[in-house]
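Let me begin by presenting the structure, written as structure tokens, before commenting on it.
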Amino acid sequence: MRPRAGTPFDQGESQPSILRIQDDQDGGGSESFMGVRYFPPPGGKHGRMGPASRKGSGQKHPKGIQISGQAYGEPAGIRSLPKRIASPWVHGYILLVFSSIGKSFARSLRSTMLIVVALVYAVAATGTFVVFVLSARAISYRYASRFASSQSLLEKEKILSLVERELALSLKLADDPAVRAWMLAEDDAALAEAAGAQLESYRRFLRDGAWFVAVRKSGSYYARTPATAAPVRTRMDPAVPGDRWFYDALAKDSDYALNVDHNDLLGENRIWINVLVRDRDGKAIGLAGCGMDLTSFLAALVGHQEPGIATVIVDSAGKIMAHEDAAIVAWNAETDRESEKVNIYGLLGSDADRERLKAFLSSNSFGDGAIGISIGKKRLLCSVGFMDELGWRNLVLVDAATVIGAADLVPLGAAVLVSLLVVLAGVFAAMNGLVLAPLRALTRAAGIIAGGAYDAFLPVTGENEIGLLGVSFNEMTRKVREYATGLEVMVAERTKELNDVNGQVLESLRYAGMIQEAILPAKEDMEGGPSAHFVIRRPRDLVGGDLHFYRTTSDGFWIAVVDCTGHGVPGAFMSMTVNALLDRLCEADGEEDPASLLSRLHVLARATLSGGDTRRHFDNGFDIALCRYRRASRTLEFAGGGLPLYHDAGGRVAELKGDRSPLGYSSVPLDIRWTKRIVEAPAGTTFYLLTDGVLDLPGGQKGFGLGRSRFVELVDRAKGMDMEGQARFFAAQLDSYRGGRAQRDDVTLVGFRV
């Protein structure tokens, strides 16, 4: 038996630290918690929780006890400190100190001890129950198997008692000299009259008064049943499927056989006993026998009044001859094709059951007990009676639950269960009264201390182990109160120091951002170069690793976008270093193209960023897209290391990808060369430079990056706008795509028109 959840031992008594209980009938200045009295600090009866503040938050007990989920009163020294410091630090520390006491007593000694006892008895109860159930199942199975075997034997004898009498009369009829003589000379009137008299004599003794004679020589079929006033006659043809039974029986040359068949001449379903009629030389001259009414036969053999028992008669091939479902028997009787007739194997639920039953039926021995098979959704026991003299098998199907079911064993199981519960309840009561009651006051006092009432006092009533524990508890409470007061003061001082340092760091970062902004080209610095331009720069932090560069030449201008390694302060230092190197290289107004300038910049960056042995483990660099516009030739020269260039080309947006090699990294060879690309730039052509923070901007429903295709779509939509309009458009679209997601990288987008 599994212990139920929600027993009296897990209803919250083991965690009194979350409850505050006030006796409303106590008019004095003290409060009690489950018998432990303590005094609130001066300056307020309830500290932070006055009566008014608890009035709406507590739950009224029927006996006038108010339960609140708030903290207890606090000493004056602690109450004067900032509450945001006192609550998380002091209460957290007190919970840490007293949690060991609360868990040790409330859980280990009380709940755990009782739970262990309960589990021991639960395991014993479970083991007893399992053994009981397994034994009950074994007994039920053996009893049901023996019952099925006995029932099978009884059914077999019942079937033989009904069939053997009719079989004996049929054998006598087929051996009658008058009948045999008439079958050899069918046209002789005298012989026909004598045979008819004999047949009528047999009919009076047959169970259902039905006989038949089939002559091989002429193919004539004669029959008489209670439904016919006189013998009826027809002629059989081997080409007719309904007559094949006669010729098949002659071919088998078996002395007799039983068959369930529908007779078209008579319009009846009967069980026919077909006996081979032989002449004096032993040659088969026809068939003769009797027919038993199928309805009465089924009612006598397979119509059980007892629930859970069914009888099925099959032949050696498994074809159903008798079944409680008359429709199955009628179908098999009226169907000429053997392949369409219903057999017992088709009613089983699995191939394993079919193979098991086939093996059981082929054993041809009685007394092998029973096997389990599934028919429909029921699991049944099957016992077989072999009737080789008839060529039949009698199957008795028994539902074991109806023979001896679980309901029959409930009283015994209930008695065992109740006995175990009584023992368990007695152990619980003894443990609670003798061991656990003296510890409850100490557990609840620990809960008061854990809730913030550091002035609680536990009365010591004895000198035993519990009393000594109370003395130690009171001493510990005093020390914790003193430590908590000093701890909160120290925490407040440290918090103030951290806030001051944090303010200084933020101020330094803001000033660093101003310095970084100062080295970047201002709007007026770019006048006289592009006809119009815009810059969208959004560092991830106060400072960042992206920069844009501009320098005027005699016949145009240099313009670039750089994405340095790192973010924040490291990225800002890198960007200022690269800006200085670019400024140095572009001072000489020569005919140098962007590709050769990148080669020189890479060499300078490697020399600047790589140091001695102490800096070998640092590998810093940057991506760059660098352009030089030549006004005389109306061309734009571009070279890129990891960053692309976009521009409008004849009504479409074109992308010039930079080389994959970045600059400055020690892994990039010094002699590497970048590719120069030249773009025709007639007046009005717009170009866009951007860092990978734009394409990697997270957003959308799934937080994927903006990507190249979305950016190209934005550029295509921005065509026709002036540059100020494009600046507003791109800023709004980037914000809309990002939504509320955090920016992962620095973002820089520069657009300019020549």
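Letters A, B, ... go to the chains of the structure tokens in the order shown; residues in each chain start at 1; ligands are counted from 1 in the same order.
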Residue contacts of Ala718 of chain A (8 Å, only C-alpha atoms) excluding same-chain residues fewer than 4 positions away, as a PyMOL selection string: chain A and resi 714+726+729
Members of segment 121-344 of chain A assigned strand (DSSP E) by DSSP, as a short mmCIF file (atom, residue, chain, number, x, y, z; two decimals) with C-alpha atoms, in the first residue's frame:
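The new file part21.cif reads:
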```
data_model
loop_
_atom_site.label_atom_id
_atom_site.label_comp_id
_atom_site.auth_asym_id
_atom_site.auth_seq_id
_atom_site.Cartn_x
_atom_site.Cartn_y
_atom_site.Cartn_z
CA TRP A 211 -33.23 -39.53 -43.53
CA PHE A 212 -31.64 -39.40 -46.96
CA VAL A 213 -30.40 -41.83 -49.62
CA ALA A 214 -28.11 -40.85 -52.53
CA VAL A 215 -27.54 -43.38 -55.37
CA SER A 220 -30.67 -39.63 -57.51
CA TYR A 221 -31.11 -38.04 -54.08
CA TYR A 222 -34.05 -39.03 -51.85
CA ALA A 223 -34.88 -37.41 -48.53
CA ARG A 224 -37.66 -37.21 -45.95
CA VAL A 232 -38.67 -35.88 -52.15
CA ARG A 233 -36.33 -36.61 -55.03
CA THR A 234 -33.80 -34.73 -57.11
CA ARG A 235 -30.93 -35.61 -59.39
CA TYR A 256 -18.94 -42.12 -42.42
CA ALA A 257 -18.58 -38.41 -41.90
CA LEU A 258 -20.52 -35.58 -40.22
CA ASN A 259 -21.19 -32.39 -42.09
CA VAL A 260 -23.15 -29.19 -41.40
CA ASP A 261 -24.83 -28.31 -44.66
CA HIS A 262 -27.67 -26.33 -46.18
CA ASN A 263 -29.93 -28.56 -48.30
CA GLU A 268 -33.01 -26.59 -44.23
CA ASN A 269 -29.72 -26.37 -42.31
CA ARG A 270 -28.94 -29.69 -40.66
CA ILE A 271 -26.10 -31.78 -39.32
CA TRP A 272 -25.95 -34.73 -41.71
CA ILE A 273 -24.42 -38.12 -40.93
CA ASN A 274 -23.17 -39.44 -44.27
CA VAL A 275 -22.63 -43.22 -44.24
CA LEU A 276 -21.09 -44.97 -47.24
CA VAL A 277 -23.31 -47.80 -48.63
CA ARG A 278 -21.35 -50.70 -50.12
CA ALA A 284 -19.46 -47.92 -52.76
CA ILE A 285 -22.91 -47.62 -54.38
CA GLY A 286 -24.04 -44.43 -52.62
CA LEU A 287 -24.63 -42.66 -49.34
CA ALA A 288 -27.34 -42.92 -46.72
CA GLY A 289 -27.90 -41.51 -43.28
CA CYS A 290 -29.87 -39.11 -41.14
CA GLY A 291 -30.05 -35.39 -40.44
CA MET A 292 -30.27 -33.64 -37.07
CA ASP A 293 -31.97 -30.26 -36.64
CA ILE A 309 -18.54 -20.44 -20.65
CA ALA A 310 -18.79 -21.08 -24.37
CA THR A 311 -18.58 -24.26 -26.47
CA VAL A 312 -17.30 -24.32 -30.05
CA ILE A 313 -17.20 -27.50 -32.18
CA VAL A 314 -14.69 -27.57 -35.04
CA ASP A 315 -13.46 -30.21 -37.46
CA ILE A 320 -16.54 -24.19 -37.12
CA MET A 321 -19.32 -26.82 -37.01
CA ALA A 322 -21.23 -25.48 -34.00
#
```
Please identify which residues in segment 592-696 of chain A DSSP calls alpha helix (DSSP H) from the backbone, and express them as a short mmCIF file (atom, residue, chain, number, x, y, z; two decimals) with N, CA and C atoms, in the first residue's frame.
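The result, written out as result_37.cif:
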```cif
data_model
loop_
_atom_site.label_atom_id
_atom_site.label_comp_id
_atom_site.auth_asym_id
_atom_site.auth_seq_id
_atom_site.Cartn_x
_atom_site.Cartn_y
_atom_site.Cartn_z
N PRO A 594 42.62 51.61 -53.25
CA PRO A 594 42.23 51.00 -51.97
C PRO A 594 42.91 49.66 -51.71
N ALA A 595 43.13 48.84 -52.75
CA ALA A 595 43.72 47.52 -52.52
C ALA A 595 45.13 47.62 -52.00
N SER A 596 45.97 48.50 -52.62
CA SER A 596 47.34 48.63 -52.15
C SER A 596 47.39 49.27 -50.77
N LEU A 597 46.44 50.21 -50.51
CA LEU A 597 46.42 50.83 -49.18
C LEU A 597 46.08 49.80 -48.10
N LEU A 598 45.17 48.85 -48.42
CA LEU A 598 44.85 47.81 -47.45
C LEU A 598 46.06 46.93 -47.16
N SER A 599 46.88 46.67 -48.18
CA SER A 599 48.08 45.87 -47.95
C SER A 599 49.02 46.58 -46.99
N ARG A 600 49.20 47.88 -47.20
CA ARG A 600 50.07 48.64 -46.29
C ARG A 600 49.46 48.72 -44.89
N LEU A 601 48.12 48.91 -44.85
CA LEU A 601 47.45 48.99 -43.55
C LEU A 601 47.60 47.68 -42.77
N HIS A 602 47.51 46.55 -43.47
CA HIS A 602 47.66 45.25 -42.80
C HIS A 602 49.05 45.11 -42.18
N VAL A 603 50.08 45.55 -42.93
CA VAL A 603 51.45 45.44 -42.40
C VAL A 603 51.61 46.33 -41.17
N LEU A 604 51.08 47.57 -41.25
CA LEU A 604 51.18 48.47 -40.10
C LEU A 604 50.41 47.93 -38.90
N ALA A 605 49.22 47.38 -39.15
CA ALA A 605 48.40 46.86 -38.05
C ALA A 605 49.09 45.67 -37.39
N ARG A 606 49.69 44.80 -38.20
CA ARG A 606 50.41 43.67 -37.62
C ARG A 606 51.56 44.15 -36.74
N ALA A 607 52.26 45.15 -37.22
CA ALA A 607 53.39 45.66 -36.44
C ALA A 607 52.92 46.35 -35.17
N THR A 608 51.79 47.01 -35.24
CA THR A 608 51.29 47.76 -34.08
C THR A 608 50.67 46.83 -33.04
N LEU A 609 49.88 45.83 -33.51
CA LEU A 609 49.11 45.00 -32.58
C LEU A 609 49.88 43.81 -32.06
N ASP A 692 29.10 44.09 -40.05
CA ASP A 692 28.27 42.89 -39.98
C ASP A 692 27.24 42.97 -38.86
N GLY A 693 27.33 43.98 -37.99
CA GLY A 693 26.30 44.15 -36.97
C GLY A 693 24.94 44.46 -37.56
N VAL A 694 24.92 45.05 -38.78
CA VAL A 694 23.64 45.33 -39.45
C VAL A 694 23.00 44.04 -39.93
N LEU A 695 23.76 43.22 -40.64
CA LEU A 695 23.22 41.97 -41.18
C LEU A 695 22.92 40.95 -40.09
#
```
Closest of A:Leu266, A:Ala122, A:Ala731, A:Ala445 to Leu420 of chain A - atom-to-atom distances counting only C-alpha atoms: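 Selected residue with least distance to Leu420 of chain A: A:Ala122.
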Closest of A:Gln733, A:Thr675, A:Asn579, A:Ser610 to Ala639 of chain A - atom-to-atom distances counting only C-alpha atoms: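 Once distances to Ala639 of chain A are computed over only C-alpha atoms, the minimum belongs to A:Thr675.
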Contact residues around Gln151 of chain A with only C-alpha atoms at 10 Å, ignoring same-chain residues under 4 positions, as a ChimeraX atom specification: /A:145-147,155-157,309,311,383-385,395-398
Taking a cut-off of 10 Å and counting only C-alpha atoms, can you build a table that, for each residue of segment 589-638 of chain A near segment 648-661 of chain A, reports the nearest atom pair and how far apart they are in Å (one decimal), sorted by chain then residue number, as a Markdown table?
```
| residue | atom | partner | partner_atom | distance |
| --- | --- | --- | --- | --- |
| A:Phe622 | CA | A:Ser661 | CA | 9.7 |
| A:Asp623 | CA | A:Ser661 | CA | 8.2 |
| A:Ile624 | CA | A:Gly658 | CA | 8.5 |
| A:Ala625 | CA | A:Gly658 | CA | 7.1 |
| A:Leu626 | CA | A:Gly658 | CA | 9.4 |
| A:Phe638 | CA | A:Leu656 | CA | 8.3 |
```
For the selection you just gave me, I'd like the residues written to a file as a PDB file, in the first residue's frame, keeping N, CA and C atoms.
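See again.pdb below for the written result:
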```pdb
ATOM      1  N   PHE A 622      40.692  43.384 -37.691  1.00  0.00           N
ATOM      2  CA  PHE A 622      39.475  44.127 -38.029  1.00  0.00           C
ATOM      3  C   PHE A 622      39.071  43.786 -39.452  1.00  0.00           C
ATOM      4  N   ASP A 623      37.769  43.990 -39.757  1.00  0.00           N
ATOM      5  CA  ASP A 623      37.219  43.936 -41.108  1.00  0.00           C
ATOM      6  C   ASP A 623      37.066  45.371 -41.606  1.00  0.00           C
ATOM      7  N   ILE A 624      37.170  45.573 -42.924  1.00  0.00           N
ATOM      8  CA  ILE A 624      37.127  46.932 -43.454  1.00  0.00           C
ATOM      9  C   ILE A 624      36.542  46.912 -44.860  1.00  0.00           C
ATOM     10  N   ALA A 625      35.798  47.947 -45.174  1.00  0.00           N
ATOM     11  CA  ALA A 625      35.360  48.226 -46.547  1.00  0.00           C
ATOM     12  C   ALA A 625      35.861  49.638 -46.884  1.00  0.00           C
ATOM     13  N   LEU A 626      36.794  49.767 -47.850  1.00  0.00           N
ATOM     14  CA  LEU A 626      37.474  51.030 -48.163  1.00  0.00           C
ATOM     15  C   LEU A 626      37.182  51.419 -49.617  1.00  0.00           C
ATOM     16  N   PHE A 638      36.983  50.218 -55.014  1.00  0.00           N
ATOM     17  CA  PHE A 638      36.597  49.552 -53.758  1.00  0.00           C
ATOM     18  C   PHE A 638      37.505  48.351 -53.516  1.00  0.00           C
TER      19      PHE A 638
END
```
Coordinates-based distance that separates atom CA of Ile536 of chain A from atom CA of Ser508 of chain A (Å, one decimal):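 About the pair atom CA of Ser508 of chain A and atom CA of Ile536 of chain A: they are 23.9 Å apart.
For the atom pair formed by atom CA of Arg142 of chain A and atom CA of Ala370 of chain A, the distance is 9.3 Å, given to one decimal.
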Pick from A:Phe386, A:Tyr121, A:Phe246, A:Tyr454, whichever lies nearest to Ser149 of chain A using only C-alpha atoms: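 Of the candidates, the smallest distance to Ser149 of chain A is held by A:Phe386.
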Separation of atom CA of Arg379 of chain A from atom CA of Ser350 of chain A in Å: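 Value for the atom CA of Ser350 of chain A-atom CA of Arg379 of chain A distance: 11.5 Å.
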Long-range neighbours of Val543 of chain A as a ChimeraX atom specification, 10 Å cut-off, only C-alpha atoms, 2 positions minimum in chain: /A:509-517,538-541,545-546,567-573,746
Those residues you just picked out, can you put them in a file as a short mmCIF file (atom, residue, chain, number, x, y, z; two decimals), in the first residue's frame with C-alpha atoms?
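Result went into result-v6.cif, see below:
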```
data_model
loop_
_atom_site.label_atom_id
_atom_site.label_comp_id
_atom_site.auth_asym_id
_atom_site.auth_seq_id
_atom_site.Cartn_x
_atom_site.Cartn_y
_atom_site.Cartn_z
CA LEU A 509 32.86 55.24 -20.01
CA ARG A 510 30.70 58.23 -20.98
CA TYR A 511 33.81 60.38 -21.31
CA ALA A 512 35.50 57.64 -23.37
CA GLY A 513 32.46 57.68 -25.65
CA MET A 514 32.80 61.41 -26.12
CA ILE A 515 36.50 60.95 -27.03
CA GLN A 516 35.62 58.24 -29.56
CA GLU A 517 32.93 60.46 -31.11
CA ARG A 538 24.84 52.41 -32.69
CA PRO A 539 27.45 50.90 -30.36
CA ARG A 540 26.25 47.95 -28.31
CA ASP A 541 27.72 49.57 -25.18
CA GLY A 545 34.54 48.75 -31.94
CA ASP A 546 32.95 50.17 -35.14
CA HIS A 567 32.98 45.43 -28.05
CA GLY A 568 32.94 48.11 -25.39
CA VAL A 569 36.26 49.45 -24.14
CA PRO A 570 38.51 46.88 -25.95
CA GLY A 571 36.74 47.57 -29.23
CA ALA A 572 37.03 51.33 -28.69
CA PHE A 573 40.80 51.09 -28.20
CA ASP A 746 27.92 47.23 -32.81
#
```
